[in-house]
Amino acid sequence: MAAADRLLVIGGGQAGYQTCASLRAEGYEGAIILASEEPEPPYQRPPLSKGYLTGEQGPDDLPFRGNTFYEDQRIDLRLGDPVMALDLRAKRATTKAGHGLDFDRLVLATGASPKLPPIEGHDLDGVMTLRTHADAQDLKARLADGGSLAVIGGGFIGLEVAAAAVKLGCKVSVIEMQDRVMGRVTAPVVGQYFQDLHARMGVDLRLQSGVARILSSDGRAAGLELSDGSRIKASVIVVGIGVTPCEALAAAAGLDCQDGILVDATLTAGHPEVFAIGDCARFPSPYAEGRVRLESVQNAADQAKAIARAVVGTPEDYTAVPWFWTQQFGKRLQMAGLSQGYDAVAVRGSLEADKFSAFYYRGGRLAAVDSLDSPADHIAARMMIAEGLTPSPEIVGDQSIRLKDWAKTALETA
Amino acid sequence: MPKVTYRAADGGERTLDVAVGLSVMEGAMRNDVEGIVAECGGSCMCATCHVYVDDTFAERMPSPSEEESEMLEEVIAERRPNSRLSCQLLITPELDGLLVHLPERQT
């Protein structure tokens, strides 16, 4: 690796930031340019749907690093000027302001953007999605006077926003198409727990409900009309129905995309010097069948670190165990592994005690574990999934057995 | 403002004013102290803000929660009796002069 090497990172989210930080930590000596469309230095997104809305965390709590970091680490931060075109043959990116950025290696960390369905009224004032700091500032201001909020989509973001809004004294409804919340990623037992929690805290949950249109009054959002004709009043509407990977730039440059920029196990996208990581990348995971695209802090950070190691050393297959978390009404769900395609579930602990874990099996093997306020189970799960260990449902259900001890014994005797 | 000293594995150190209510991790990140990663931003999820609390402060430090104690299993460097996750260590006036030692690796 020549000292004159130039590495361009497109995207200033968790993946982009971590790539730059890890490259320096690994001893990369080349030039690093971080091009971000956002107007401020990279910051953390998880608080935006949680503590930032309730005021427990403020703007000062968001940036990953202090003011001197990028200069000290010789990271050329280009803010507020998105890359609009990419020429992989000439190895040059062109920004909106017309700047040409030449590179030897490229990391695409372009993230994803929230879906906004084309239902009637989606463009009204008061209808919003949540992704950026600016979105969160706007939402926080609108919720400040304790109005009424309707959330479309009972996934993590939607439920976290709902919980924060309840705390702020808002009247909150959540509308979900499926027959349970968080149904895309969790088992019925977990969804049911969170449904009951939200109902207990006063959230009006409407399951198996579609939204026919967004109602308006004086040109502003005033509520929802559901598919069954019923109406819900709300001055703020948050849409949390998933995201679309930002892949247009990559696709236009000729890279293969399929709901995500397609990469191989070393996270390279068809060219040895072009990587794609984080929310925008679809990669082969040893923990799932076929390629997956994951939207999480862990995935962004661990893929960034893998890239940094590959750039300074030897590329290796990316095999980190996926983990996620969500926090609602002070309850924390920690998830390890990928549950997609599971065919059996075993439960450890009790829902009534607000302390339990759901173990997901796929083809007789442990695939994932969701742990509610049970950090010991979560840590054991990360280890078991990484090592390919499968405790039987009997072992899982026996709380006199410490899973960590069981796993250690299983490893020693394997 | 209470002072906190971060001593790196190679012996280099920085002493900073850290406001009451911030965590030892936040004091480090805001002032660009190297050697703390804090991937999850202080949610006690990632075990990359590991520090060793100097023995002189052992008794003034509240013990780790079950959550922190479990997550400490995940630290990359050696776990010792004085190992803590710095995102869980909130600065109080009593901790003025705190010394923490940084491990060689966080990830």
# chains A, B, ... in the order shown; residues from 1 in each chain; ligands from 1
>>> interface_residues(of="chain B", to="chain A", cutoff="9 Å", atoms="only C-alpha atoms", output="list of chain:residue names")
B:Glu26, B:Ala28, B:Met29, B:Arg30, B:Asn31, B:Asp32, B:Ala38, B:Glu39, B:Cys40, B:Gly41, B:Met45, B:Cys46, B:Glu66, B:Glu67, B:Glu68, B:Ser69, B:Glu70, B:Met71, B:Glu73, B:Glu74, B:Thr107
>>> write_last_selection(atoms="C-alpha atoms", output="PDB file, in the first residue's frame")
ATOM      1  CA  GLU B  26     -18.626  10.654  26.911  1.00  0.00           C
ATOM      2  CA  ALA B  28     -13.374  10.669  26.267  1.00  0.00           C
ATOM      3  CA  MET B  29     -15.360  10.794  23.023  1.00  0.00           C
ATOM      4  CA  ARG B  30     -16.111  14.526  23.185  1.00  0.00           C
ATOM      5  CA  ASN B  31     -12.449  15.284  23.732  1.00  0.00           C
ATOM      6  CA  ASP B  32     -11.172  12.793  21.178  1.00  0.00           C
ATOM      7  CA  ALA B  38     -18.011   3.205  22.141  1.00  0.00           C
ATOM      8  CA  GLU B  39     -19.752   1.832  19.079  1.00  0.00           C
ATOM      9  CA  CYS B  40     -23.231   1.685  20.576  1.00  0.00           C
ATOM     10  CA  GLY B  41     -23.069   5.224  21.913  1.00  0.00           C
ATOM     11  CA  MET B  45     -24.473  -3.107  24.137  1.00  0.00           C
ATOM     12  CA  CYS B  46     -21.037  -3.328  22.591  1.00  0.00           C
ATOM     13  CA  GLU B  66     -26.127  -7.023  36.049  1.00  0.00           C
ATOM     14  CA  GLU B  67     -26.289  -5.693  32.512  1.00  0.00           C
ATOM     15  CA  GLU B  68     -22.823  -4.146  32.623  1.00  0.00           C
ATOM     16  CA  SER B  69     -21.391  -7.161  34.370  1.00  0.00           C
ATOM     17  CA  GLU B  70     -22.685  -9.480  31.637  1.00  0.00           C
ATOM     18  CA  MET B  71     -21.536  -7.203  28.844  1.00  0.00           C
ATOM     19  CA  GLU B  73     -17.782 -10.769  29.241  1.00  0.00           C
ATOM     20  CA  GLU B  74     -17.521  -9.391  25.717  1.00  0.00           C
ATOM     21  CA  THR B 107     -12.157  -4.327  19.146  1.00  0.00           C
TER      22      THR B 107
END
>>> select_by_dssp(residues="chain B", states="helix (DSSP H, G or I)", output="PDB file with all heavy atoms, in the first residue's frame")
ATOM      1  N   VAL B  24     -17.830   8.657  31.844  1.00  0.00           N
ATOM      2  CA  VAL B  24     -16.397   8.642  31.563  1.00  0.00           C
ATOM      3  C   VAL B  24     -16.181   8.436  30.056  1.00  0.00           C
ATOM      4  O   VAL B  24     -15.297   9.038  29.442  1.00  0.00           O
ATOM      5  CB  VAL B  24     -15.706   7.530  32.390  1.00  0.00           C
ATOM      6  CG1 VAL B  24     -14.255   7.346  31.979  1.00  0.00           C
ATOM      7  CG2 VAL B  24     -15.810   7.861  33.877  1.00  0.00           C
ATOM      8  N   MET B  25     -17.036   7.619  29.442  1.00  0.00           N
ATOM      9  CA  MET B  25     -16.967   7.402  27.989  1.00  0.00           C
ATOM     10  C   MET B  25     -17.233   8.709  27.238  1.00  0.00           C
ATOM     11  O   MET B  25     -16.489   9.078  26.335  1.00  0.00           O
ATOM     12  CB  MET B  25     -17.982   6.326  27.572  1.00  0.00           C
ATOM     13  CG  MET B  25     -18.059   6.033  26.089  1.00  0.00           C
ATOM     14  SD  MET B  25     -19.058   7.186  25.114  1.00  0.00           S
ATOM     15  CE  MET B  25     -20.715   6.661  25.486  1.00  0.00           C
ATOM     16  N   GLU B  26     -18.298   9.411  27.620  1.00  0.00           N
ATOM     17  CA  GLU B  26     -18.626  10.654  26.911  1.00  0.00           C
ATOM     18  C   GLU B  26     -17.508  11.687  27.044  1.00  0.00           C
ATOM     19  O   GLU B  26     -17.190  12.392  26.084  1.00  0.00           O
ATOM     20  CB  GLU B  26     -19.945  11.230  27.438  1.00  0.00           C
ATOM     21  CG  GLU B  26     -21.149  10.422  26.971  1.00  0.00           C
ATOM     22  CD  GLU B  26     -22.437  10.813  27.678  1.00  0.00           C
ATOM     23  OE1 GLU B  26     -22.430  10.929  28.931  1.00  0.00           O
ATOM     24  OE2 GLU B  26     -23.446  10.989  26.992  1.00  0.00           O
ATOM     25  N   GLY B  27     -16.906  11.753  28.228  1.00  0.00           N
ATOM     26  CA  GLY B  27     -15.778  12.665  28.419  1.00  0.00           C
ATOM     27  C   GLY B  27     -14.665  12.365  27.429  1.00  0.00           C
ATOM     28  O   GLY B  27     -14.059  13.265  26.857  1.00  0.00           O
ATOM     29  N   ALA B  28     -14.433  11.075  27.192  1.00  0.00           N
ATOM     30  CA  ALA B  28     -13.374  10.669  26.267  1.00  0.00           C
ATOM     31  C   ALA B  28     -13.752  10.980  24.823  1.00  0.00           C
ATOM     32  O   ALA B  28     -12.957  11.550  24.066  1.00  0.00           O
ATOM     33  CB  ALA B  28     -13.100   9.171  26.421  1.00  0.00           C
ATOM     34  N   MET B  29     -14.970  10.629  24.420  1.00  0.00           N
ATOM     35  CA  MET B  29     -15.360  10.794  23.023  1.00  0.00           C
ATOM     36  C   MET B  29     -15.415  12.273  22.638  1.00  0.00           C
ATOM     37  O   MET B  29     -14.978  12.668  21.562  1.00  0.00           O
ATOM     38  CB  MET B  29     -16.720  10.136  22.760  1.00  0.00           C
ATOM     39  CG  MET B  29     -16.760   8.634  23.013  1.00  0.00           C
ATOM     40  SD  MET B  29     -15.488   7.676  22.168  1.00  0.00           S
ATOM     41  CE  MET B  29     -16.221   7.496  20.540  1.00  0.00           C
ATOM     42  N   ARG B  30     -15.968  13.099  23.517  1.00  0.00           N
ATOM     43  CA  ARG B  30     -16.111  14.526  23.185  1.00  0.00           C
ATOM     44  C   ARG B  30     -14.765  15.226  23.074  1.00  0.00           C
ATOM     45  O   ARG B  30     -14.643  16.248  22.422  1.00  0.00           O
ATOM     46  CB  ARG B  30     -16.948  15.230  24.245  1.00  0.00           C
ATOM     47  CG  ARG B  30     -18.388  14.799  24.185  1.00  0.00           C
ATOM     48  CD  ARG B  30     -19.224  15.581  25.154  1.00  0.00           C
ATOM     49  NE  ARG B  30     -20.580  15.066  25.146  1.00  0.00           N
ATOM     50  CZ  ARG B  30     -21.630  15.713  25.609  1.00  0.00           C
ATOM     51  NH1 ARG B  30     -21.478  16.903  26.121  1.00  0.00           N
ATOM     52  NH2 ARG B  30     -22.825  15.172  25.559  1.00  0.00           N
ATOM     53  N   ASP B  55      -7.100   1.457  41.235  1.00  0.00           N
ATOM     54  CA  ASP B  55      -7.463   0.916  42.547  1.00  0.00           C
ATOM     55  C   ASP B  55      -7.791   1.988  43.578  1.00  0.00           C
ATOM     56  O   ASP B  55      -8.601   1.768  44.471  1.00  0.00           O
ATOM     57  CB  ASP B  55      -6.317   0.023  43.078  1.00  0.00           C
ATOM     58  CG  ASP B  55      -6.193  -1.256  42.253  1.00  0.00           C
ATOM     59  OD1 ASP B  55      -7.186  -1.597  41.565  1.00  0.00           O
ATOM     60  OD2 ASP B  55      -5.114  -1.877  42.264  1.00  0.00           O
ATOM     61  N   THR B  56      -7.175   3.175  43.438  1.00  0.00           N
ATOM     62  CA  THR B  56      -7.435   4.237  44.404  1.00  0.00           C
ATOM     63  C   THR B  56      -8.896   4.678  44.392  1.00  0.00           C
ATOM     64  O   THR B  56      -9.353   5.339  45.320  1.00  0.00           O
ATOM     65  CB  THR B  56      -6.553   5.464  44.102  1.00  0.00           C
ATOM     66  OG1 THR B  56      -6.727   5.803  42.726  1.00  0.00           O
ATOM     67  CG2 THR B  56      -5.085   5.159  44.370  1.00  0.00           C
ATOM     68  N   PHE B  57      -9.624   4.342  43.319  1.00  0.00           N
ATOM     69  CA  PHE B  57     -11.031   4.749  43.221  1.00  0.00           C
ATOM     70  C   PHE B  57     -12.003   3.580  43.378  1.00  0.00           C
ATOM     71  O   PHE B  57     -13.206   3.748  43.267  1.00  0.00           O
ATOM     72  CB  PHE B  57     -11.297   5.479  41.903  1.00  0.00           C
ATOM     73  CG  PHE B  57     -10.881   6.913  41.973  1.00  0.00           C
ATOM     74  CD1 PHE B  57      -9.563   7.275  41.789  1.00  0.00           C
ATOM     75  CD2 PHE B  57     -11.811   7.894  42.280  1.00  0.00           C
ATOM     76  CE1 PHE B  57      -9.168   8.591  41.901  1.00  0.00           C
ATOM     77  CE2 PHE B  57     -11.437   9.214  42.392  1.00  0.00           C
ATOM     78  CZ  PHE B  57     -10.114   9.565  42.201  1.00  0.00           C
ATOM     79  N   ALA B  58     -11.445   2.387  43.630  1.00  0.00           N
ATOM     80  CA  ALA B  58     -12.265   1.183  43.664  1.00  0.00           C
ATOM     81  C   ALA B  58     -13.455   1.335  44.614  1.00  0.00           C
ATOM     82  O   ALA B  58     -14.576   0.952  44.292  1.00  0.00           O
ATOM     83  CB  ALA B  58     -11.414  -0.013  44.054  1.00  0.00           C
ATOM     84  N   GLU B  59     -13.210   1.940  45.770  1.00  0.00           N
ATOM     85  CA  GLU B  59     -14.264   1.971  46.778  1.00  0.00           C
ATOM     86  C   GLU B  59     -15.299   3.056  46.521  1.00  0.00           C
ATOM     87  O   GLU B  59     -16.427   2.964  46.990  1.00  0.00           O
ATOM     88  CB  GLU B  59     -13.642   2.162  48.157  1.00  0.00           C
ATOM     89  CG  GLU B  59     -12.568   1.118  48.404  1.00  0.00           C
ATOM     90  CD  GLU B  59     -12.488   0.687  49.844  1.00  0.00           C
ATOM     91  OE1 GLU B  59     -12.663   1.559  50.717  1.00  0.00           O
ATOM     92  OE2 GLU B  59     -12.246  -0.516  50.076  1.00  0.00           O
ATOM     93  N   ARG B  60     -14.902   4.095  45.785  1.00  0.00           N
ATOM     94  CA  ARG B  60     -15.842   5.194  45.526  1.00  0.00           C
ATOM     95  C   ARG B  60     -16.747   4.903  44.336  1.00  0.00           C
ATOM     96  O   ARG B  60     -17.667   5.633  44.052  1.00  0.00           O
ATOM     97  CB  ARG B  60     -15.053   6.486  45.248  1.00  0.00           C
ATOM     98  CG  ARG B  60     -14.832   7.310  46.505  1.00  0.00           C
ATOM     99  CD  ARG B  60     -13.911   8.468  46.219  1.00  0.00           C
ATOM    100  NE  ARG B  60     -12.510   8.043  46.226  1.00  0.00           N
ATOM    101  CZ  ARG B  60     -11.487   8.860  45.996  1.00  0.00           C
ATOM    102  NH1 ARG B  60     -11.723  10.136  45.694  1.00  0.00           N
ATOM    103  NH2 ARG B  60     -10.265   8.414  46.038  1.00  0.00           N
ATOM    104  N   GLU B  66     -26.160  -5.690  36.637  1.00  0.00           N
ATOM    105  CA  GLU B  66     -26.127  -7.023  36.049  1.00  0.00           C
ATOM    106  C   GLU B  66     -25.813  -6.914  34.546  1.00  0.00           C
ATOM    107  O   GLU B  66     -25.023  -7.671  33.989  1.00  0.00           O
ATOM    108  CB  GLU B  66     -27.486  -7.718  36.242  1.00  0.00           C
ATOM    109  CG  GLU B  66     -27.480  -9.156  35.730  1.00  0.00           C
ATOM    110  CD  GLU B  66     -28.868  -9.668  35.371  1.00  0.00           C
ATOM    111  OE1 GLU B  66     -29.867  -9.018  35.726  1.00  0.00           O
ATOM    112  OE2 GLU B  66     -28.945 -10.718  34.704  1.00  0.00           O
ATOM    113  N   GLU B  67     -26.457  -5.926  33.939  1.00  0.00           N
ATOM    114  CA  GLU B  67     -26.289  -5.693  32.512  1.00  0.00           C
ATOM    115  C   GLU B  67     -24.826  -5.422  32.151  1.00  0.00           C
ATOM    116  O   GLU B  67     -24.255  -6.045  31.262  1.00  0.00           O
ATOM    117  CB  GLU B  67     -27.118  -4.466  32.171  1.00  0.00           C
ATOM    118  CG  GLU B  67     -27.516  -4.368  30.762  1.00  0.00           C
ATOM    119  CD  GLU B  67     -28.729  -3.460  30.664  1.00  0.00           C
ATOM    120  OE1 GLU B  67     -28.701  -2.371  31.279  1.00  0.00           O
ATOM    121  OE2 GLU B  67     -29.681  -3.843  29.995  1.00  0.00           O
ATOM    122  N   GLU B  68     -24.224  -4.482  32.895  1.00  0.00           N
ATOM    123  CA  GLU B  68     -22.823  -4.146  32.623  1.00  0.00           C
ATOM    124  C   GLU B  68     -21.923  -5.346  32.899  1.00  0.00           C
ATOM    125  O   GLU B  68     -21.012  -5.650  32.132  1.00  0.00           O
ATOM    126  CB  GLU B  68     -22.396  -2.951  33.482  1.00  0.00           C
ATOM    127  CG  GLU B  68     -20.952  -2.538  33.212  1.00  0.00           C
ATOM    128  CD  GLU B  68     -20.431  -1.494  34.194  1.00  0.00           C
ATOM    129  OE1 GLU B  68     -21.250  -0.851  34.883  1.00  0.00           O
ATOM    130  OE2 GLU B  68     -19.196  -1.339  34.262  1.00  0.00           O
ATOM    131  N   SER B  69     -22.213  -6.028  33.986  1.00  0.00           N
ATOM    132  CA  SER B  69     -21.391  -7.161  34.370  1.00  0.00           C
ATOM    133  C   SER B  69     -21.411  -8.251  33.281  1.00  0.00           C
ATOM    134  O   SER B  69     -20.382  -8.837  32.945  1.00  0.00           O
ATOM    135  CB  SER B  69     -21.935  -7.707  35.686  1.00  0.00           C
ATOM    136  OG  SER B  69     -21.065  -8.663  36.189  1.00  0.00           O
ATOM    137  N   GLU B  70     -22.585  -8.496  32.718  1.00  0.00           N
ATOM    138  CA  GLU B  70     -22.685  -9.480  31.637  1.00  0.00           C
ATOM    139  C   GLU B  70     -21.950  -8.996  30.388  1.00  0.00           C
ATOM    140  O   GLU B  70     -21.244  -9.751  29.733  1.00  0.00           O
ATOM    141  CB  GLU B  70     -24.159  -9.738  31.294  1.00  0.00           C
ATOM    142  CG  GLU B  70     -24.929 -10.481  32.367  1.00  0.00           C
ATOM    143  CD  GLU B  70     -24.375 -11.877  32.632  1.00  0.00           C
ATOM    144  OE1 GLU B  70     -23.727 -12.448  31.739  1.00  0.00           O
ATOM    145  OE2 GLU B  70     -24.581 -12.382  33.749  1.00  0.00           O
ATOM    146  N   MET B  71     -22.147  -7.714  30.070  1.00  0.00           N
ATOM    147  CA  MET B  71     -21.536  -7.203  28.844  1.00  0.00           C
ATOM    148  C   MET B  71     -20.009  -7.195  28.947  1.00  0.00           C
ATOM    149  O   MET B  71     -19.312  -7.313  27.944  1.00  0.00           O
ATOM    150  CB  MET B  71     -22.079  -5.796  28.577  1.00  0.00           C
ATOM    151  CG  MET B  71     -22.012  -5.347  27.139  1.00  0.00           C
ATOM    152  SD  MET B  71     -22.737  -6.478  25.925  1.00  0.00           S
ATOM    153  CE  MET B  71     -24.425  -6.501  26.461  1.00  0.00           C
ATOM    154  N   LEU B  72     -19.493  -7.093  30.176  1.00  0.00           N
ATOM    155  CA  LEU B  72     -18.036  -7.123  30.364  1.00  0.00           C
ATOM    156  C   LEU B  72     -17.430  -8.450  29.895  1.00  0.00           C
ATOM    157  O   LEU B  72     -16.237  -8.535  29.623  1.00  0.00           O
ATOM    158  CB  LEU B  72     -17.686  -6.859  31.842  1.00  0.00           C
ATOM    159  CG  LEU B  72     -17.681  -5.380  32.238  1.00  0.00           C
ATOM    160  CD1 LEU B  72     -17.728  -5.237  33.758  1.00  0.00           C
ATOM    161  CD2 LEU B  72     -16.438  -4.674  31.679  1.00  0.00           C
ATOM    162  N   GLU B  73     -18.255  -9.488  29.792  1.00  0.00           N
ATOM    163  CA  GLU B  73     -17.782 -10.769  29.241  1.00  0.00           C
ATOM    164  C   GLU B  73     -17.290 -10.610  27.807  1.00  0.00           C
ATOM    165  O   GLU B  73     -16.545 -11.428  27.300  1.00  0.00           O
ATOM    166  CB  GLU B  73     -18.932 -11.787  29.218  1.00  0.00           C
ATOM    167  CG  GLU B  73     -19.405 -12.223  30.577  1.00  0.00           C
ATOM    168  CD  GLU B  73     -18.508 -13.285  31.161  1.00  0.00           C
ATOM    169  OE1 GLU B  73     -18.286 -14.284  30.477  1.00  0.00           O
ATOM    170  OE2 GLU B  73     -18.017 -13.081  32.283  1.00  0.00           O
ATOM    171  N   GLU B  74     -17.798  -9.572  27.145  1.00  0.00           N
ATOM    172  CA  GLU B  74     -17.521  -9.391  25.717  1.00  0.00           C
ATOM    173  C   GLU B  74     -16.271  -8.564  25.429  1.00  0.00           C
ATOM    174  O   GLU B  74     -15.924  -8.357  24.275  1.00  0.00           O
ATOM    175  CB  GLU B  74     -18.718  -8.709  25.042  1.00  0.00           C
ATOM    176  CG  GLU B  74     -19.946  -9.588  24.933  1.00  0.00           C
ATOM    177  CD  GLU B  74     -19.822 -10.627  23.820  1.00  0.00           C
ATOM    178  OE1 GLU B  74     -19.844 -10.241  22.644  1.00  0.00           O
ATOM    179  OE2 GLU B  74     -19.689 -11.814  24.138  1.00  0.00           O
ATOM    180  N   SER B  86     -17.019   2.185  30.453  1.00  0.00           N
ATOM    181  CA  SER B  86     -16.975   3.588  30.866  1.00  0.00           C
ATOM    182  C   SER B  86     -18.256   4.344  30.542  1.00  0.00           C
ATOM    183  O   SER B  86     -18.499   5.418  31.067  1.00  0.00           O
ATOM    184  CB  SER B  86     -15.750   4.286  30.258  1.00  0.00           C
ATOM    185  OG  SER B  86     -15.752   4.183  28.847  1.00  0.00           O
ATOM    186  N   CYS B  87     -19.115   3.770  29.691  1.00  0.00           N
ATOM    187  CA  CYS B  87     -20.402   4.438  29.427  1.00  0.00           C
ATOM    188  C   CYS B  87     -21.323   4.340  30.628  1.00  0.00           C
ATOM    189  O   CYS B  87     -22.329   5.052  30.706  1.00  0.00           O
ATOM    190  CB  CYS B  87     -21.084   3.867  28.174  1.00  0.00           C
ATOM    191  SG  CYS B  87     -21.719   2.180  28.348  1.00  0.00           S
ATOM    192  N   GLN B  88     -21.020   3.441  31.543  1.00  0.00           N
ATOM    193  CA  GLN B  88     -21.874   3.258  32.712  1.00  0.00           C
ATOM    194  C   GLN B  88     -21.326   3.986  33.946  1.00  0.00           C
ATOM    195  O   GLN B  88     -21.914   3.918  35.016  1.00  0.00           O
ATOM    196  CB  GLN B  88     -22.030   1.761  33.019  1.00  0.00           C
ATOM    197  CG  GLN B  88     -22.597   0.961  31.847  1.00  0.00           C
ATOM    198  CD  GLN B  88     -23.986   1.427  31.447  1.00  0.00           C
ATOM    199  OE1 GLN B  88     -24.909   1.455  32.257  1.00  0.00           O
ATOM    200  NE2 GLN B  88     -24.149   1.830  30.186  1.00  0.00           N
ATOM    201  N   PRO B  93     -19.245  14.655  41.735  1.00  0.00           N
ATOM    202  CA  PRO B  93     -18.171  15.460  42.366  1.00  0.00           C
ATOM    203  C   PRO B  93     -17.190  14.585  43.137  1.00  0.00           C
ATOM    204  O   PRO B  93     -15.994  14.881  43.189  1.00  0.00           O
ATOM    205  CB  PRO B  93     -18.944  16.382  43.307  1.00  0.00           C
ATOM    206  CG  PRO B  93     -20.322  16.478  42.725  1.00  0.00           C
ATOM    207  CD  PRO B  93     -20.590  15.147  42.084  1.00  0.00           C
ATOM    208  N   GLU B  94     -17.682  13.485  43.716  1.00  0.00           N
ATOM    209  CA  GLU B  94     -16.809  12.591  44.506  1.00  0.00           C
ATOM    210  C   GLU B  94     -15.748  11.919  43.645  1.00  0.00           C
ATOM    211  O   GLU B  94     -14.747  11.419  44.163  1.00  0.00           O
ATOM    212  CB  GLU B  94     -17.632  11.487  45.193  1.00  0.00           C
ATOM    213  CG  GLU B  94     -18.633  11.959  46.230  1.00  0.00           C
ATOM    214  CD  GLU B  94     -19.833  12.667  45.614  1.00  0.00           C
ATOM    215  OE1 GLU B  94     -20.393  12.131  44.643  1.00  0.00           O
ATOM    216  OE2 GLU B  94     -20.181  13.773  46.075  1.00  0.00           O
ATOM    217  N   LEU B  95     -15.964  11.865  42.344  1.00  0.00           N
ATOM    218  CA  LEU B  95     -15.011  11.175  41.472  1.00  0.00           C
ATOM    219  C   LEU B  95     -13.955  12.121  40.903  1.00  0.00           C
ATOM    220  O   LEU B  95     -13.200  11.751  40.000  1.00  0.00           O
ATOM    221  CB  LEU B  95     -15.750  10.459  40.335  1.00  0.00           C
ATOM    222  CG  LEU B  95     -16.625   9.266  40.761  1.00  0.00           C
ATOM    223  CD1 LEU B  95     -17.340   8.682  39.550  1.00  0.00           C
ATOM    224  CD2 LEU B  95     -15.796   8.193  41.452  1.00  0.00           C
TER     225      LEU B  95
END
>>> residues_around(residues="Gly11 (chain B)", least_positions_apart="4", cutoff="10 Å", atoms="only C-alpha atoms", output="list in words")
Tyr6, Arg7, His101 and Leu102 of chain B
>>> residues_around(residues="region 138-145 of chain A", least_positions_apart="4", cutoff="9 Å", atoms="only C-alpha atoms", output="list in words")
Tyr52, Leu53, Thr54, Gly55, Gly126, Met128, Thr129, Leu130, His133, Ala134, Leu149, Ala165, Leu168, Gly169, Cys170, Ser235, Val236 and Val238 of chain A
>>> write_last_selection(atoms="C-alpha atoms", output="short mmCIF file (atom, residue, chain, number, x, y, z; two decimals), in the first residue's frame")
data_model
loop_
_atom_site.label_atom_id
_atom_site.label_comp_id
_atom_site.auth_asym_id
_atom_site.auth_seq_id
_atom_site.Cartn_x
_atom_site.Cartn_y
_atom_site.Cartn_z
CA TYR A 52 -33.38 12.71 21.76
CA LEU A 53 -37.14 13.04 21.40
CA THR A 54 -37.75 12.96 25.15
CA GLY A 55 -34.93 15.40 25.84
CA GLY A 126 -47.10 17.15 9.52
CA MET A 128 -42.84 12.77 8.33
CA THR A 129 -40.25 10.04 8.35
CA LEU A 130 -37.32 9.76 10.75
CA HIS A 133 -30.90 14.72 12.96
CA ALA A 134 -32.94 17.34 11.07
CA LEU A 149 -49.40 11.38 17.00
CA ALA A 165 -44.29 10.50 22.48
CA LEU A 168 -44.01 13.59 26.30
CA GLY A 169 -47.72 13.45 27.07
CA CYS A 170 -48.96 12.91 23.52
CA SER A 235 -51.65 16.40 14.07
CA VAL A 236 -48.38 14.54 13.51
CA VAL A 238 -44.81 9.43 11.44
#
>>> atom_distance(atom1="CA of Ala353 (chain A)", atom2="CA of Gly183 (chain A)")
22.3 Å
>>> select_by_dssp(residues="region 16-104 of chain B", states="strand (DSSP E)", output="ChimeraX atom specification")
/B:16-17,50-53,83-85,98-101
>>> write_last_selection(atoms="C-alpha atoms", output="PDB file, in the first residue's frame")
ATOM      1  CA  LEU B  16      -9.752  16.488  31.169  1.00  0.00           C
ATOM      2  CA  ASP B  17     -12.537  18.397  32.854  1.00  0.00           C
ATOM      3  CA  HIS B  50     -13.696  -0.856  28.429  1.00  0.00           C
ATOM      4  CA  VAL B  51     -11.514   0.770  31.093  1.00  0.00           C
ATOM      5  CA  TYR B  52      -9.678  -0.379  34.212  1.00  0.00           C
ATOM      6  CA  VAL B  53     -10.561   1.851  37.156  1.00  0.00           C
ATOM      7  CA  SER B  83     -12.788  -3.723  34.535  1.00  0.00           C
ATOM      8  CA  ARG B  84     -15.736  -1.430  33.770  1.00  0.00           C
ATOM      9  CA  LEU B  85     -17.628  -0.129  30.789  1.00  0.00           C
ATOM     10  CA  LEU B  98     -10.531   9.782  38.735  1.00  0.00           C
ATOM     11  CA  LEU B  99      -7.846   7.763  36.964  1.00  0.00           C
ATOM     12  CA  VAL B 100      -8.803   5.142  34.418  1.00  0.00           C
ATOM     13  CA  HIS B 101      -6.414   2.905  32.491  1.00  0.00           C
TER      14      HIS B 101
END
>>> closest_residue(among="B:Ser23, B:Ala47, B:Ser65, B:Glu34", to="Asp10 (chain B)", atoms="only C-alpha atoms")
B:Glu34
>>> residues_around(residues="Gly35 (chain B)", least_positions_apart="4", cutoff="8 Å", atoms="only C-alpha atoms", output="list of chain:residue names")
B:Ala8, B:Leu102, B:Pro103, B:Glu104, B:Arg105, B:Gln106
>>> closest_residue(among="A:Gly155, A:Leu205, A:Val321, A:Val190", to="Ile175 (chain A)", atoms="only C-alpha atoms")
A:Leu205
>>> closest_residue(among="A:Thr266, A:Ala164, A:Ala4, A:Asp76", to="Thr314 (chain A)", atoms="only C-alpha atoms")
A:Thr266
>>> atom_distance(atom1="CA of Thr268 (chain A)", atom2="CA of Ala306 (chain A)")
11.0 Å
>>> atom_distance(atom1="CA of Val181 (chain A)", atom2="CA of Phe194 (chain A)")
7.5 Å
>>> residues_around(residues="Ala410 (chain A)", least_positions_apart="3", cutoff="12 Å", atoms="only C-alpha atoms", output="PyMOL selection string")
chain A and resi 383-384+387-392+403-407+413-414
>>> closest_residue(among="A:Asp204, A:Glu29, A:Asp279, A:Glu38", to="Gly111 (chain A)", atoms="only C-alpha atoms")
A:Asp279
